[in-house]
>>> print(open('work-v3.cif').read())   # mmCIF, C-alpha atoms, pLDDT in the B column; chains and numbers go by the auth columns
data_coords
loop_
_atom_site.group_PDB
_atom_site.id
_atom_site.type_symbol
_atom_site.label_atom_id
_atom_site.label_comp_id
_atom_site.label_asym_id
_atom_site.label_seq_id
_atom_site.Cartn_x
_atom_site.Cartn_y
_atom_site.Cartn_z
_atom_site.B_iso_or_equiv
_atom_site.auth_seq_id
_atom_site.auth_asym_id
ATOM 1 C CA MET A 1 116.378 106.403 87.720 67.00 1 A
ATOM 2 C CA THR A 2 118.447 106.312 90.901 86.00 2 A
ATOM 3 C CA ILE A 3 116.602 104.914 93.912 87.00 3 A
ATOM 4 C CA THR A 4 118.394 104.954 97.247 85.00 4 A
ATOM 5 C CA ILE A 5 117.220 102.302 99.714 84.00 5 A
ATOM 6 C CA ALA A 6 118.354 103.064 103.250 79.00 6 A
ATOM 7 C CA ALA A 7 117.022 99.713 104.497 74.00 7 A
ATOM 8 C CA ARG A 8 115.021 97.026 102.761 80.00 8 A
ATOM 9 C CA SER A 9 113.016 96.442 105.927 79.00 9 A
ATOM 10 C CA VAL A 10 112.639 97.937 109.387 87.00 10 A
ATOM 11 C CA PRO A 11 111.981 95.869 112.540 87.00 11 A
ATOM 12 C CA LYS A 12 108.318 95.853 113.465 90.00 12 A
ATOM 13 C CA PRO A 13 106.888 96.075 116.986 93.00 13 A
ATOM 14 C CA PRO A 14 104.607 93.315 118.276 94.00 14 A
ATOM 15 C CA ALA A 15 101.405 92.980 116.290 93.00 15 A
ATOM 16 C CA SER A 16 99.391 93.204 119.524 95.00 16 A
ATOM 17 C CA LEU A 17 100.825 96.674 120.201 96.00 17 A
ATOM 18 C CA ILE A 18 99.984 97.854 116.694 96.00 18 A
ATOM 19 C CA GLU A 19 96.457 96.457 116.934 95.00 19 A
ATOM 20 C CA GLY A 20 96.018 98.208 120.268 96.00 20 A
ATOM 21 C CA PHE A 21 95.570 101.435 118.314 98.00 21 A
ATOM 22 C CA ARG A 22 92.846 99.976 116.096 96.00 22 A
ATOM 23 C CA ASP A 23 90.093 101.515 118.231 94.00 23 A
ATOM 24 C CA ALA A 24 92.014 104.666 119.146 97.00 24 A
ATOM 25 C CA PRO A 25 90.710 107.858 117.512 97.00 25 A
ATOM 26 C CA THR A 26 93.414 110.024 115.981 97.00 26 A
ATOM 27 C CA ALA A 27 92.048 112.960 117.971 96.00 27 A
ATOM 28 C CA VAL A 28 92.702 111.168 121.255 97.00 28 A
ATOM 29 C CA ILE A 29 96.152 110.069 120.129 97.00 29 A
ATOM 30 C CA SER A 30 96.903 113.677 119.189 96.00 30 A
ATOM 31 C CA ASP A 31 95.685 114.890 122.592 96.00 31 A
ATOM 32 C CA ASN A 32 98.266 112.644 124.248 96.00 32 A
ATOM 33 C CA LEU A 33 101.058 113.894 121.982 95.00 33 A
ATOM 34 C CA ALA A 34 100.596 117.456 123.286 92.00 34 A
ATOM 35 C CA ARG A 35 98.406 118.088 120.191 90.00 35 A
ATOM 36 C CA LEU A 36 101.555 118.938 118.239 82.00 36 A
ATOM 37 C CA PRO A 37 102.365 116.245 115.624 79.00 37 A
ATOM 38 C CA GLY A 38 100.136 115.114 112.807 88.00 38 A
ATOM 39 C CA SER A 39 99.973 115.555 109.055 93.00 39 A
ATOM 40 C CA VAL A 40 97.919 118.546 107.919 93.00 40 A
ATOM 41 C CA GLY A 41 95.974 118.847 104.667 95.00 41 A
ATOM 42 C CA LEU A 42 95.435 115.150 103.943 97.00 42 A
ATOM 43 C CA ARG A 43 92.000 113.541 103.776 96.00 43 A
ATOM 44 C CA PRO A 44 90.665 110.017 103.359 97.00 44 A
ATOM 45 C CA PHE A 45 89.571 108.914 99.897 97.00 45 A
ATOM 46 C CA HIS A 46 88.538 105.335 100.738 97.00 46 A
ATOM 47 C CA ARG A 47 85.014 104.260 101.648 95.00 47 A
ATOM 48 C CA LYS A 48 85.671 103.413 105.269 93.00 48 A
ATOM 49 C CA GLY A 49 88.169 101.668 107.485 90.00 49 A
ATOM 50 C CA LYS A 50 90.903 102.491 109.975 95.00 50 A
ATOM 51 C CA LEU A 51 94.532 102.780 108.933 98.00 51 A
ATOM 52 C CA VAL A 52 96.932 101.254 111.459 98.00 52 A
ATOM 53 C CA GLY A 53 100.477 100.113 110.754 98.00 53 A
ATOM 54 C CA THR A 54 104.101 101.150 110.598 98.00 54 A
ATOM 55 C CA ALA A 55 105.664 103.445 108.048 98.00 55 A
ATOM 56 C CA PHE A 56 107.470 102.293 104.929 97.00 56 A
ATOM 57 C CA THR A 57 108.596 105.686 103.715 98.00 57 A
ATOM 58 C CA VAL A 58 109.108 106.946 100.168 98.00 58 A
ATOM 59 C CA ARG A 59 110.578 110.264 99.048 97.00 59 A
ATOM 60 C CA THR A 60 109.977 111.009 95.399 97.00 60 A
ATOM 61 C CA ARG A 61 110.414 113.895 93.017 95.00 61 A
ATOM 62 C CA PRO A 62 107.130 115.843 92.837 95.00 62 A
ATOM 63 C CA GLY A 63 104.925 114.359 90.133 96.00 63 A
ATOM 64 C CA ASP A 64 107.059 111.220 89.700 97.00 64 A
ATOM 65 C CA ASN A 65 106.114 107.789 91.080 97.00 65 A
ATOM 66 C CA PHE A 66 109.059 105.632 90.036 97.00 66 A
ATOM 67 C CA ALA A 67 110.188 105.286 93.660 97.00 67 A
ATOM 68 C CA ILE A 68 106.701 104.182 94.720 98.00 68 A
ATOM 69 C CA HIS A 69 106.810 101.364 92.177 97.00 69 A
ATOM 70 C CA ARG A 70 110.118 100.255 93.700 96.00 70 A
ATOM 71 C CA ALA A 71 108.579 100.398 97.174 97.00 71 A
ATOM 72 C CA LEU A 72 105.738 98.147 96.050 97.00 72 A
ATOM 73 C CA GLU A 73 108.297 95.422 95.375 96.00 73 A
ATOM 74 C CA LEU A 74 109.352 95.520 99.037 96.00 74 A
ATOM 75 C CA VAL A 75 106.308 96.263 101.202 97.00 75 A
ATOM 76 C CA GLY A 76 104.306 93.628 103.008 96.00 76 A
ATOM 77 C CA PRO A 77 101.843 93.042 105.850 96.00 77 A
ATOM 78 C CA GLY A 78 101.798 95.808 108.427 95.00 78 A
ATOM 79 C CA ASP A 79 103.387 98.413 106.152 97.00 79 A
ATOM 80 C CA VAL A 80 101.806 101.802 105.556 98.00 80 A
ATOM 81 C CA ILE A 81 103.254 103.291 102.363 98.00 81 A
ATOM 82 C CA VAL A 82 104.043 106.877 103.353 98.00 82 A
ATOM 83 C CA VAL A 83 104.931 109.060 100.366 98.00 83 A
ATOM 84 C CA ASP A 84 106.603 112.452 100.527 98.00 84 A
ATOM 85 C CA GLY A 85 105.600 113.889 97.169 97.00 85 A
ATOM 86 C CA GLY A 86 106.398 117.438 98.167 96.00 86 A
ATOM 87 C CA GLY A 87 102.713 118.309 98.405 96.00 87 A
ATOM 88 C CA ASP A 88 102.504 118.557 94.608 97.00 88 A
ATOM 89 C CA GLU A 89 98.924 118.429 93.319 97.00 89 A
ATOM 90 C CA THR A 90 99.578 118.666 89.591 97.00 90 A
ATOM 91 C CA ARG A 91 100.159 114.947 88.904 98.00 91 A
ATOM 92 C CA ALA A 92 98.710 111.833 90.486 98.00 92 A
ATOM 93 C CA LEU A 93 101.250 109.577 92.147 98.00 93 A
ATOM 94 C CA VAL A 94 98.937 106.597 92.691 98.00 94 A
ATOM 95 C CA GLY A 95 95.866 105.231 90.932 98.00 95 A
ATOM 96 C CA GLU A 96 93.784 102.070 90.831 98.00 96 A
ATOM 97 C CA ILE A 97 96.561 99.793 89.573 98.00 97 A
ATOM 98 C CA MET A 98 98.972 100.808 92.322 98.00 98 A
ATOM 99 C CA LYS A 99 96.175 100.524 94.869 98.00 99 A
ATOM 100 C CA THR A 100 95.563 96.967 93.713 98.00 100 A
ATOM 101 C CA ILE A 101 99.252 96.090 93.882 98.00 101 A
ATOM 102 C CA ALA A 102 99.511 97.428 97.436 98.00 102 A
ATOM 103 C CA GLU A 103 96.469 95.391 98.456 97.00 103 A
ATOM 104 C CA TRP A 104 97.938 92.275 96.836 97.00 104 A
ATOM 105 C CA ARG A 105 101.147 92.861 98.785 97.00 105 A
ATOM 106 C CA LYS A 106 98.950 93.073 101.919 97.00 106 A
ATOM 107 C CA ALA A 107 100.114 96.556 102.800 98.00 107 A
ATOM 108 C CA GLU A 108 97.913 98.480 105.218 98.00 108 A
ATOM 109 C CA GLY A 109 97.308 101.532 103.051 98.00 109 A
ATOM 110 C CA TYR A 110 98.702 104.752 101.589 98.00 110 A
ATOM 111 C CA VAL A 111 99.497 108.149 103.076 98.00 111 A
ATOM 112 C CA ILE A 112 100.458 110.498 100.241 98.00 112 A
ATOM 113 C CA ASP A 113 101.561 114.112 100.418 98.00 113 A
ATOM 114 C CA GLY A 114 100.467 114.588 96.845 98.00 114 A
ATOM 115 C CA ALA A 115 97.618 113.699 94.517 98.00 115 A
ATOM 116 C CA ILE A 116 95.905 110.478 93.429 98.00 116 A
ATOM 117 C CA ARG A 117 93.591 109.559 90.563 98.00 117 A
ATOM 118 C CA ASP A 118 90.981 106.867 89.814 98.00 118 A
ATOM 119 C CA VAL A 119 89.267 108.248 92.879 97.00 119 A
ATOM 120 C CA ALA A 120 86.101 106.192 92.282 97.00 120 A
ATOM 121 C CA ALA A 121 88.088 102.991 92.815 97.00 121 A
ATOM 122 C CA PHE A 122 89.259 104.251 96.196 97.00 122 A
ATOM 123 C CA ALA A 123 85.781 105.495 97.128 97.00 123 A
ATOM 124 C CA GLU A 124 84.374 102.006 96.565 97.00 124 A
ATOM 125 C CA SER A 125 87.134 100.332 98.579 97.00 125 A
ATOM 126 C CA ASP A 126 87.977 99.857 102.242 97.00 126 A
ATOM 127 C CA PHE A 127 91.711 99.965 101.474 98.00 127 A
ATOM 128 C CA PRO A 128 92.858 103.106 103.293 98.00 128 A
ATOM 129 C CA CYS A 129 94.229 105.989 101.272 98.00 129 A
ATOM 130 C CA PHE A 130 94.929 109.475 102.593 98.00 130 A
ATOM 131 C CA ALA A 131 96.110 112.080 100.120 98.00 131 A
ATOM 132 C CA ARG A 132 96.116 115.799 99.458 97.00 132 A
ATOM 133 C CA ALA A 133 94.208 116.093 96.173 97.00 133 A
ATOM 134 C CA VAL A 134 92.826 114.419 93.040 98.00 134 A
ATOM 135 C CA THR A 135 93.865 114.967 89.441 98.00 135 A
ATOM 136 C CA HIS A 136 93.463 112.983 86.247 98.00 136 A
ATOM 137 C CA ARG A 137 96.998 113.928 85.132 97.00 137 A
ATOM 138 C CA GLY A 138 99.346 110.975 85.454 96.00 138 A
ATOM 139 C CA PRO A 139 102.894 110.885 86.845 96.00 139 A
ATOM 140 C CA TYR A 140 106.340 110.783 85.338 95.00 140 A
ATOM 141 C CA LYS A 141 108.391 107.649 85.994 95.00 141 A
ATOM 142 C CA ASN A 142 111.988 108.817 85.864 93.00 142 A
ATOM 143 C CA GLY A 143 113.077 109.052 89.504 91.00 143 A
ATOM 144 C CA PRO A 144 115.070 109.770 91.527 94.00 144 A
ATOM 145 C CA GLY A 145 113.806 108.732 94.924 96.00 145 A
ATOM 146 C CA GLU A 146 114.625 107.313 98.343 96.00 146 A
ATOM 147 C CA LEU A 147 113.111 104.499 100.395 97.00 147 A
ATOM 148 C CA ASN A 148 113.029 104.045 104.157 96.00 148 A
ATOM 149 C CA VAL A 149 114.392 107.474 105.014 97.00 149 A
ATOM 150 C CA PRO A 150 112.781 110.179 107.187 97.00 150 A
ATOM 151 C CA VAL A 151 110.200 112.101 105.161 97.00 151 A
ATOM 152 C CA SER A 152 107.997 115.156 105.615 97.00 152 A
ATOM 153 C CA VAL A 153 104.284 114.600 105.053 97.00 153 A
ATOM 154 C CA GLY A 154 101.843 117.391 105.625 95.00 154 A
ATOM 155 C CA GLY A 155 104.302 119.235 107.858 93.00 155 A
ATOM 156 C CA CYS A 156 105.047 116.160 109.993 95.00 156 A
ATOM 157 C CA VAL A 157 108.332 114.238 109.943 97.00 157 A
ATOM 158 C CA ILE A 158 107.715 110.488 109.678 97.00 158 A
ATOM 159 C CA SER A 159 110.577 108.024 110.058 97.00 159 A
ATOM 160 C CA PRO A 160 110.717 104.419 108.879 97.00 160 A
ATOM 161 C CA GLY A 161 108.979 102.183 111.395 97.00 161 A
ATOM 162 C CA ASP A 162 106.943 104.951 113.007 97.00 162 A
ATOM 163 C CA PHE A 163 103.368 104.071 113.921 98.00 163 A
ATOM 164 C CA VAL A 164 100.827 105.563 111.514 98.00 164 A
ATOM 165 C CA VAL A 165 97.146 105.816 112.411 98.00 165 A
ATOM 166 C CA GLY A 166 94.468 107.323 110.190 97.00 166 A
ATOM 167 C CA ASP A 167 90.718 107.807 110.451 97.00 167 A
ATOM 168 C CA GLU A 168 88.050 110.276 109.360 96.00 168 A
ATOM 169 C CA ASP A 169 89.845 113.102 111.193 96.00 169 A
ATOM 170 C CA GLY A 170 93.181 112.593 109.439 96.00 170 A
ATOM 171 C CA VAL A 171 96.574 111.001 110.052 97.00 171 A
ATOM 172 C CA VAL A 172 98.839 110.990 113.090 97.00 172 A
ATOM 173 C CA SER A 173 102.223 109.293 113.548 97.00 173 A
ATOM 174 C CA PHE A 174 104.647 108.668 116.391 97.00 174 A
ATOM 175 C CA PRO A 175 107.845 106.701 117.138 97.00 175 A
ATOM 176 C CA ALA A 176 107.519 103.041 118.020 96.00 176 A
ATOM 177 C CA ALA A 177 109.603 103.663 121.151 96.00 177 A
ATOM 178 C CA ILE A 178 106.775 105.586 122.825 97.00 178 A
ATOM 179 C CA ALA A 179 103.894 103.440 121.561 97.00 179 A
ATOM 180 C CA ALA A 180 103.359 101.305 124.674 97.00 180 A
ATOM 181 C CA ASN A 181 103.180 104.245 127.091 98.00 181 A
ATOM 182 C CA LEU A 182 101.113 106.251 124.624 98.00 182 A
ATOM 183 C CA LEU A 183 98.594 103.432 124.269 97.00 183 A
ATOM 184 C CA GLU A 184 98.074 103.366 128.044 97.00 184 A
ATOM 185 C CA ALA A 185 97.423 107.106 128.090 97.00 185 A
ATOM 186 C CA VAL A 186 95.080 106.884 125.103 97.00 186 A
ATOM 187 C CA GLN A 187 93.070 104.063 126.641 96.00 187 A
ATOM 188 C CA ALA A 188 92.759 105.999 129.900 96.00 188 A
ATOM 189 C CA GLN A 189 91.431 109.062 128.059 95.00 189 A
ATOM 190 C CA ILE A 190 88.971 106.949 126.069 95.00 190 A
ATOM 191 C CA ALA A 191 87.649 105.446 129.322 94.00 191 A
ATOM 192 C CA ASN A 192 87.364 108.918 130.888 91.00 192 A
ATOM 193 C CA GLU A 193 85.501 110.309 127.891 89.00 193 A
ATOM 194 C CA GLU A 194 83.131 107.338 127.858 90.00 194 A
ATOM 195 C CA ALA A 195 82.343 108.055 131.508 87.00 195 A
ATOM 196 C CA ILE A 196 81.656 111.716 130.657 86.00 196 A
ATOM 197 C CA MET A 197 79.339 110.687 127.822 87.00 197 A
ATOM 198 C CA ARG A 198 77.399 108.515 130.280 88.00 198 A
ATOM 199 C CA THR A 199 76.906 111.474 132.639 86.00 199 A
ATOM 200 C CA ILE A 200 75.627 113.560 129.734 86.00 200 A
ATOM 201 C CA ARG A 201 73.131 110.905 128.652 87.00 201 A
ATOM 202 C CA GLU A 202 71.994 110.478 132.258 83.00 202 A
ATOM 203 C CA GLY A 203 71.613 114.232 132.822 82.00 203 A
ATOM 204 C CA ARG A 204 74.380 114.424 135.423 81.00 204 A
ATOM 205 C CA TYR A 205 77.011 116.410 133.485 74.00 205 A
ATOM 206 C CA ASP A 206 78.366 119.373 135.469 75.00 206 A
ATOM 207 C CA GLY A 207 80.782 120.868 132.946 68.00 207 A
ATOM 208 C CA ILE A 208 83.946 119.829 134.797 62.00 208 A
ATOM 209 C CA TYR A 209 85.507 118.315 131.670 57.00 209 A
ATOM 210 C CA ALA A 210 85.066 121.517 129.666 54.00 210 A
ATOM 211 C CA ARG A 211 86.852 123.518 132.403 45.00 211 A
ATOM 212 C CA SER A 212 89.776 121.099 132.804 45.00 212 A
#
>>> encode(input="work-v3.cif", output="structure tokens")
Amino acid sequence: MTITIAARSVPKPPASLIEGFRDAPTAVISDNLARLPGSVGLRPFHRKGKLVGTAFTVRTRPGDNFAIHRALELVGPGDVIVVDGGGDETRALVGEIMKTIAEWRKAEGYVIDGAIRDVAAFAESDFPCFARAVTHRGPYKNGPGELNVPVSVGGCVISPGDFVVGDEDGVVSFPAAIAANLLEAVQAQIANEEAIMRTIREGRYDGIYARS
């Protein structure tokens, strides 16, 4: 049951910077990251709600959630629990109990490259959870695992402290070091697209955006 903890906590950026991405669609964020990064194959299982926070990463043996239980002793407000489960879909890594613990710890949500169960509890909740699949088969609890190390989730490398944003279109992540400049670019694109939508509604659209 060896669990390696690279760091018990990672410095967080200002809350105002994190919240700046609350209204930013993942598609627009992706556009301003050259449309390259982003986890593939994950989908939301919660009722509604935006996922915005910084990554508390977990690497676990496929089908084993011992490391996630250890992470739940350490996470807190602002943390997105990002789990590299190797994409395994044969055993659920998280269910209703672990969802409830994460909520009680005031974490922001889960991003899991693996399966979950108790899907009805997630579907009735606004606590964000993105995962690859659902199965009733429960996990092993033997370890090993690692906490707060770089992980691979849906083909995307996510490091501890990276920004994580999720919505109906999926999950995107990026380093905190570029967040301020990225937010400016995202807000500019949102404003531009809102202006285009106005021209469409007013019958003035000339197709320039589609050709650019």
>>> resolve_selection(input="work-v3.cif", expression="the PyMOL selection byres ((chain A and resi 43-54) around 8)", output="ChimeraX atom specification")
/A:12,18-19,21-22,41-42,55-56,78-80,108-109,119,122-132,160-170
>>> closest_residue(input="work-v3.cif", among="A:Leu182, A:Val149, A:Ile68, A:Ala115", to="Gly86 of chain A", atoms="only C-alpha atoms")
A:Ala115
>>> residues_around(input="work-v3.cif", residues="Val172 of chain A", least_positions_apart="6", cutoff="10 Å", atoms="only C-alpha atoms", output="list in words")
Pro25, Thr26, Ala27, Ile29, Ser30, Leu33, Leu36, Pro37, Gly38, Ser39, Val40, Cys156, Ile158, Phe163, Val164, Val165 and Gly166 of chain A
>>> closest_residue(input="work-v3.cif", among="A:Gly95, A:Pro14, A:Gly203, A:Gly85", to="His136 of chain A", atoms="all atoms listed in the file")
A:Gly95
>>> resolve_selection(input="work-v3.cif", expression="the PyMOL selection byres ((chain A and resi 139) around 7)", output="MDAnalysis selection string")
chainID A and resid 63:65 91:93 137:138 140:141
>>> resolve_selection(input="work-v3.cif", expression="the PyMOL selection byres ((chain A and resi 60) around 12)", output="PyMOL selection string")
chain A and resi 1-4+57-59+61-71+82-88+93+112-114+139-149+151-153
>>> closest_residue(input="work-v3.cif", among="A:Tyr110, A:Arg201, A:Ala34, A:Leu74", to="Val171 of chain A", atoms="only C-alpha atoms")
A:Tyr110
>>> atom_distance(input="work-v3.cif", atom1="atom CA of Glu103 of chain A", atom2="atom CA of Val75 of chain A")
10.3 Å
>>> closest_residue(input="work-v3.cif", among="A:Val157, A:Ile190, A:Arg105, A:Glu89", to="Asp31 of chain A", atoms="only C-alpha atoms")
A:Ile190
>>> atom_distance(input="work-v3.cif", atom1="atom CA of Asp206 of chain A", atom2="atom CA of Arg35 of chain A")
25.2 Å
>>> closest_residue(input="work-v3.cif", among="A:Ala195, A:Pro175, A:Pro77, A:Ala133", to="Pro150 of chain A", atoms="all atoms listed in the file")
A:Pro175
>>> closest_residue(input="work-v3.cif", among="A:Asp118, A:Ser173, A:Met197, A:Gly76", to="Met98 of chain A", atoms="all atoms listed in the file")
A:Asp118
>>> atom_distance(input="work-v3.cif", atom1="atom CA of Arg198 of chain A", atom2="atom CA of Glu184 of chain A")
21.4 Å
>>> residues_around(input="work-v3.cif", residues="Gly20 of chain A", least_positions_apart="6", cutoff="10 Å", atoms="only C-alpha atoms", output="VMD selection string")
chain A and resid 52 179 to 180 183 to 184 186 to 187
>>> decode(input="work-v3.cif", residues="segment 35-45 of chain A", atoms="all heavy atoms", output="tab-separated table (two decimals), in the first residue's frame")
chain	number	residue	atom	x	y	z
A	35	ARG	N	-5.70	24.83	-29.99
A	35	ARG	CA	-6.60	23.68	-30.16
A	35	ARG	C	-5.85	22.35	-30.02
A	35	ARG	O	-6.27	21.33	-30.56
A	35	ARG	CB	-7.30	23.75	-31.52
A	35	ARG	CG	-8.13	25.02	-31.67
A	35	ARG	CD	-8.83	25.14	-32.99
A	35	ARG	NE	-9.68	26.34	-32.99
A	35	ARG	CZ	-10.40	26.75	-34.04
A	35	ARG	NH1	-10.38	26.05	-35.15
A	35	ARG	NH2	-11.12	27.84	-33.96
A	36	LEU	N	-4.79	22.35	-29.24
A	36	LEU	CA	-3.98	21.14	-29.08
A	36	LEU	C	-4.25	20.38	-27.78
A	36	LEU	O	-4.51	19.18	-27.83
A	36	LEU	CB	-2.49	21.50	-29.17
A	36	LEU	CG	-1.99	21.92	-30.55
A	36	LEU	CD1	-0.54	22.38	-30.47
A	36	LEU	CD2	-2.12	20.77	-31.54
A	37	PRO	N	-4.16	21.03	-26.59
A	37	PRO	CA	-4.34	20.25	-25.36
A	37	PRO	C	-5.80	19.98	-25.06
A	37	PRO	O	-6.70	20.56	-25.67
A	37	PRO	CB	-3.71	21.15	-24.29
A	37	PRO	CG	-3.91	22.54	-24.80
A	37	PRO	CD	-3.84	22.43	-26.30
A	38	GLY	N	-6.03	19.12	-24.11
A	38	GLY	CA	-7.39	18.80	-23.69
A	38	GLY	C	-7.57	17.30	-23.58
A	38	GLY	O	-7.11	16.54	-24.44
A	39	SER	N	-8.23	16.87	-22.53
A	39	SER	CA	-8.46	15.44	-22.32
A	39	SER	C	-9.55	14.94	-23.26
A	39	SER	O	-10.58	15.58	-23.42
A	39	SER	CB	-8.87	15.19	-20.86
A	39	SER	OG	-7.83	15.59	-19.98
A	40	VAL	N	-9.31	13.80	-23.86
A	40	VAL	CA	-10.23	13.21	-24.84
A	40	VAL	C	-10.89	11.97	-24.25
A	40	VAL	O	-10.25	11.17	-23.56
A	40	VAL	CB	-9.48	12.83	-26.13
A	40	VAL	CG1	-10.41	12.14	-27.12
A	40	VAL	CG2	-8.84	14.06	-26.77
A	41	GLY	N	-12.18	11.82	-24.49
A	41	GLY	CA	-12.89	10.61	-24.08
A	41	GLY	C	-13.58	10.69	-22.75
A	41	GLY	O	-14.22	9.72	-22.32
A	42	LEU	N	-13.50	11.84	-22.07
A	42	LEU	CA	-14.19	12.02	-20.80
A	42	LEU	C	-15.49	12.78	-21.03
A	42	LEU	O	-15.58	13.62	-21.92
A	42	LEU	CB	-13.33	12.78	-19.80
A	42	LEU	CG	-11.91	12.27	-19.56
A	42	LEU	CD1	-11.27	13.06	-18.44
A	42	LEU	CD2	-11.89	10.79	-19.25
A	43	ARG	N	-16.50	12.49	-20.20
A	43	ARG	CA	-17.76	13.21	-20.32
A	43	ARG	C	-18.32	13.52	-18.94
A	43	ARG	O	-17.99	12.85	-17.96
A	43	ARG	CB	-18.78	12.41	-21.13
A	43	ARG	CG	-19.14	11.06	-20.54
A	43	ARG	CD	-20.01	10.29	-21.53
A	43	ARG	NE	-20.36	8.96	-21.07
A	43	ARG	CZ	-21.47	8.65	-20.41
A	43	ARG	NH1	-22.34	9.60	-20.11
A	43	ARG	NH2	-21.73	7.41	-20.04
A	44	PRO	N	-19.15	14.55	-18.84
A	44	PRO	CA	-19.72	14.91	-17.55
A	44	PRO	C	-20.81	13.93	-17.12
A	44	PRO	O	-21.64	13.52	-17.93
A	44	PRO	CB	-20.29	16.31	-17.79
A	44	PRO	CG	-20.57	16.35	-19.26
A	44	PRO	CD	-19.55	15.49	-19.91
A	45	PHE	N	-20.82	13.60	-15.83
A	45	PHE	CA	-21.85	12.74	-15.28
A	45	PHE	C	-22.74	13.47	-14.28
A	45	PHE	O	-23.74	12.92	-13.83
A	45	PHE	CB	-21.22	11.52	-14.60
A	45	PHE	CG	-20.74	10.49	-15.58
A	45	PHE	CD1	-19.45	10.53	-16.08
A	45	PHE	CD2	-21.58	9.49	-16.04
A	45	PHE	CE1	-18.99	9.60	-16.99
A	45	PHE	CE2	-21.15	8.54	-16.96
A	45	PHE	CZ	-19.85	8.59	-17.43
